[in-house]
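Peer 1: The structure is given below, and queries will be raised subsequently.
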Amino acid sequence: MQDPFGHRISYLRVSITDRCNERCTYCMPQELQEWLPRAEILTYEETLRLVRIAAELGVTKIRVTGGEPLTRRGIVDFVCEIPKIPGIRSFGLSTNGTLLGREIKPGVRMAEALREAGVQSVNVSLDTLDQHVYSQITGRDFHAQVLDGIDAAIGAGFEQIKLNAVLMRGRNEDQLIPLTEFAAARNLILRFIEMMPVSTTEVLDEKNFISILAAKRVIESHYGNLVPEPSFQTNGPATYYQIPNREQRIGFIGAMTNLHFCESCNKLRLTCDGKLRPCLGSYLEFDIMKPLRAGATDDELRQFFLDVVDRKPQQHDFRSNYQPNRKMIAIGG
Ligand SMILES: C[S@@+](CC[C@H](N)C(=O)[O-])C[C@H]1O[C@@H](n2cnc3c(N)ncnc32)[C@H](O)[C@@H]1O
Ligand code: SF4
């Protein structure tokens with residue numbers, strides 16, 4: 001699949017739920033969240049059919065996300081099926097980490113079950129090492145569970161574990177070095193993410209924004225000049241650097257300030273209620289659940305994907321007139 005601007009689409013982010021056990025200020029709207037009724041959520045079978053069709057069209061990488069994907073019942077049986085789909089070579093999951101350490105049957109923790117099921121990499125969100133601030137950001141007191149979940153993920157032997165930290169003034173600008181040290185001690189890849197205006201909360205105000213450039217300056221003032229690593233790619237939007245004199249790689253995701261951000265975009269998103277979104281930062285979305293439930297053939301669904309890719313914008317609207325109509329929690333990041 002190729003869009004009109006030459007982007008080759010090889011990566012599908014699949015959100016399997018809009019529900020979450022946390023309430024991150026930058027992700028959830030302040031008004032009470034109403035979860036979608038079950039009937040409006042794609043079943044696992046429907047999702048797998050769409051993933052198979054996407055794979056037939058050249059998608060090789062899948063990332064399962066949410067809401068919090070590990071809150072959905074039957075997740076392990078679902079993820080088991082993804083690596084069996086011909087063409088899928090890379091399979092990751094994004095999580096807030098709170099449930100990775102949970103014992104799901106005697107002696108088996110969630111992280112181990114996911115690894116066993118064929119998940120190759122996990123991205124865990126961790127914005128701060130300060131337990132109190134963590135509660136303020138996420139609205140929940142799960143810091144210890146997340147740290148335990150990260151340990152469980154390390155123990156489970158994933159090929160790659162990344163930590164994602166959203167940058168927020170007044171919340172975690174003092175955490176850049178502690179998080180870098182935390183990642184170094186565990187040999188994990190840390191990525192700093194610019195806050196994006198994907199929700200309606202007042203946290204997403206310019207005064208709370210920290211650019212990746214500012215974050216990079218803080219890191220460099222501590223460790224020395226970072227060494228760019230243009231050859232290191234994870235199929236995602238991050239720019240990676242090596243910290244001098246140590247074997248540590250960190251990444252920066254700057255959707256707001258990196259003007260080249262969209263140039264290498266290879267992504268399509270499937271929301272849990274069956275909408276295909278060609279771009280996170282555009283209101284465009286197309287309802288594939290409707291034809292799917294109306295009995296569309298594989299050929300028709302393939303054509304649907306191709307039509308959506310044809311409508312992929314050249315770049316996101318975040319810097320211009322983006323109007324959030326769907327919150328991050330309901331897209332999946
Ligand atoms: C929507 S979450 C879903 C997966 C999982 N619940 C988690 O927290 O990792 C995916 C990613 O989006 C990020 N995110 C959410 N809202 C954001 C925002 N306004 N700006 C930038 N990143 C955001 C989260 O920090 C997380 O890394
Ligand atoms: S960022 Fe993840 S953990 Fe936080 S509210 Fe959104 S979906 Fe939940």
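Residues in the structure tokens are named by chain (A, B, ... in the order shown) and by number from 1 within that chain; ligands are numbered from 1 in the order shown.
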Which residues are near ligand 2 in this structure, taking near to mean any atom at most 6 Å from a ligand atom and counting only C-alpha atoms and all ligand atoms? Format them as a list in words.
Peer 2: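 With only C-alpha atoms and all ligand atoms and a cut-off of 6 Å, ligand 2 is contacted by Cys20, Glu22, Arg23, Cys24, Cys27, Met28, Gly66, Gly67, Glu68, Asn96 and Ile329 of chain A.
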Peer 1: Which polymer residues have any atom within 10 Å of an atom of Glu103 (chain A), counting only C-alpha atoms, with same-chain residues fewer than 5 positions away left out, as a PyMOL selection string?
Peer 2: chain A and resi 108-113
Peer 1: Rank A:Ser121, A:Thr128, A:Asn187, A:Asn266 by their smallest atom-to-atom distance to Ala156 (chain A), using only C-alpha atoms, and report the top residue only.
Peer 2: A:Ser121
Peer 1: Apply DSSP to the structure's backbone, then extract all residues of region 19-110 of chain A labelled alpha helix (DSSP H) and return them as a VMD selection string.
Peer 2: chain A and resid 44 to 56 75 to 81 110
Peer 1: Give me a file of those residues, with N, CA and C atoms, as a compact mmCIF listing (two decimals), in the first residue's frame.
Peer 2:
# COMPACT_ATOMS: atom_id res chain seq x y z
N TYR A 44 -12.61 -9.92 18.69
CA TYR A 44 -11.26 -10.34 18.34
C TYR A 44 -11.23 -10.96 16.95
N GLU A 45 -12.26 -11.74 16.62
CA GLU A 45 -12.29 -12.40 15.31
C GLU A 45 -12.32 -11.35 14.20
N GLU A 46 -13.14 -10.32 14.40
CA GLU A 46 -13.22 -9.25 13.38
C GLU A 46 -11.88 -8.53 13.26
N THR A 47 -11.27 -8.25 14.40
CA THR A 47 -9.99 -7.56 14.37
C THR A 47 -8.95 -8.39 13.63
N LEU A 48 -8.93 -9.69 13.93
CA LEU A 48 -7.94 -10.56 13.29
C LEU A 48 -8.16 -10.63 11.78
N ARG A 49 -9.42 -10.61 11.37
CA ARG A 49 -9.68 -10.64 9.93
C ARG A 49 -9.10 -9.37 9.27
N LEU A 50 -9.29 -8.23 9.93
CA LEU A 50 -8.77 -6.99 9.35
C LEU A 50 -7.24 -6.97 9.36
N VAL A 51 -6.65 -7.53 10.40
CA VAL A 51 -5.18 -7.59 10.43
C VAL A 51 -4.68 -8.48 9.29
N ARG A 52 -5.39 -9.58 9.06
CA ARG A 52 -4.96 -10.48 7.98
C ARG A 52 -5.04 -9.77 6.62
N ILE A 53 -6.12 -9.02 6.44
CA ILE A 53 -6.28 -8.31 5.16
C ILE A 53 -5.18 -7.24 5.02
N ALA A 54 -4.91 -6.55 6.12
CA ALA A 54 -3.84 -5.54 6.08
C ALA A 54 -2.51 -6.20 5.74
N ALA A 55 -2.27 -7.38 6.31
CA ALA A 55 -1.01 -8.09 6.04
C ALA A 55 -0.94 -8.48 4.57
N GLU A 56 -2.06 -8.87 4.00
CA GLU A 56 -2.07 -9.21 2.57
C GLU A 56 -1.71 -8.00 1.71
N ILE A 75 -7.13 -11.26 26.24
CA ILE A 75 -6.03 -10.63 25.49
C ILE A 75 -4.95 -11.64 25.08
N VAL A 76 -4.62 -12.56 25.99
CA VAL A 76 -3.52 -13.48 25.67
C VAL A 76 -3.91 -14.40 24.51
N ASP A 77 -5.13 -14.91 24.54
CA ASP A 77 -5.57 -15.78 23.44
C ASP A 77 -5.61 -14.99 22.13
N PHE A 78 -5.96 -13.73 22.22
CA PHE A 78 -6.00 -12.89 21.01
C PHE A 78 -4.59 -12.68 20.45
N VAL A 79 -3.65 -12.26 21.31
CA VAL A 79 -2.33 -11.92 20.77
C VAL A 79 -1.63 -13.16 20.20
N CYS A 80 -1.95 -14.31 20.73
CA CYS A 80 -1.43 -15.58 20.20
C CYS A 80 -1.64 -15.72 18.69
N GLU A 81 -2.77 -15.18 18.21
CA GLU A 81 -3.16 -15.39 16.81
C GLU A 81 -2.39 -14.47 15.86
N MET A 110 1.50 -11.96 33.54
CA MET A 110 1.00 -11.46 32.26
C MET A 110 2.14 -11.28 31.25
Peer 1: When you count only C-alpha atoms and all ligand atoms, which of these residues is closest to ligand 1: A:Arg186, A:Lys162, A:Arg89, A:Arg217?
Peer 2: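 So, comparing all the options, the nearest one is A:Lys162.
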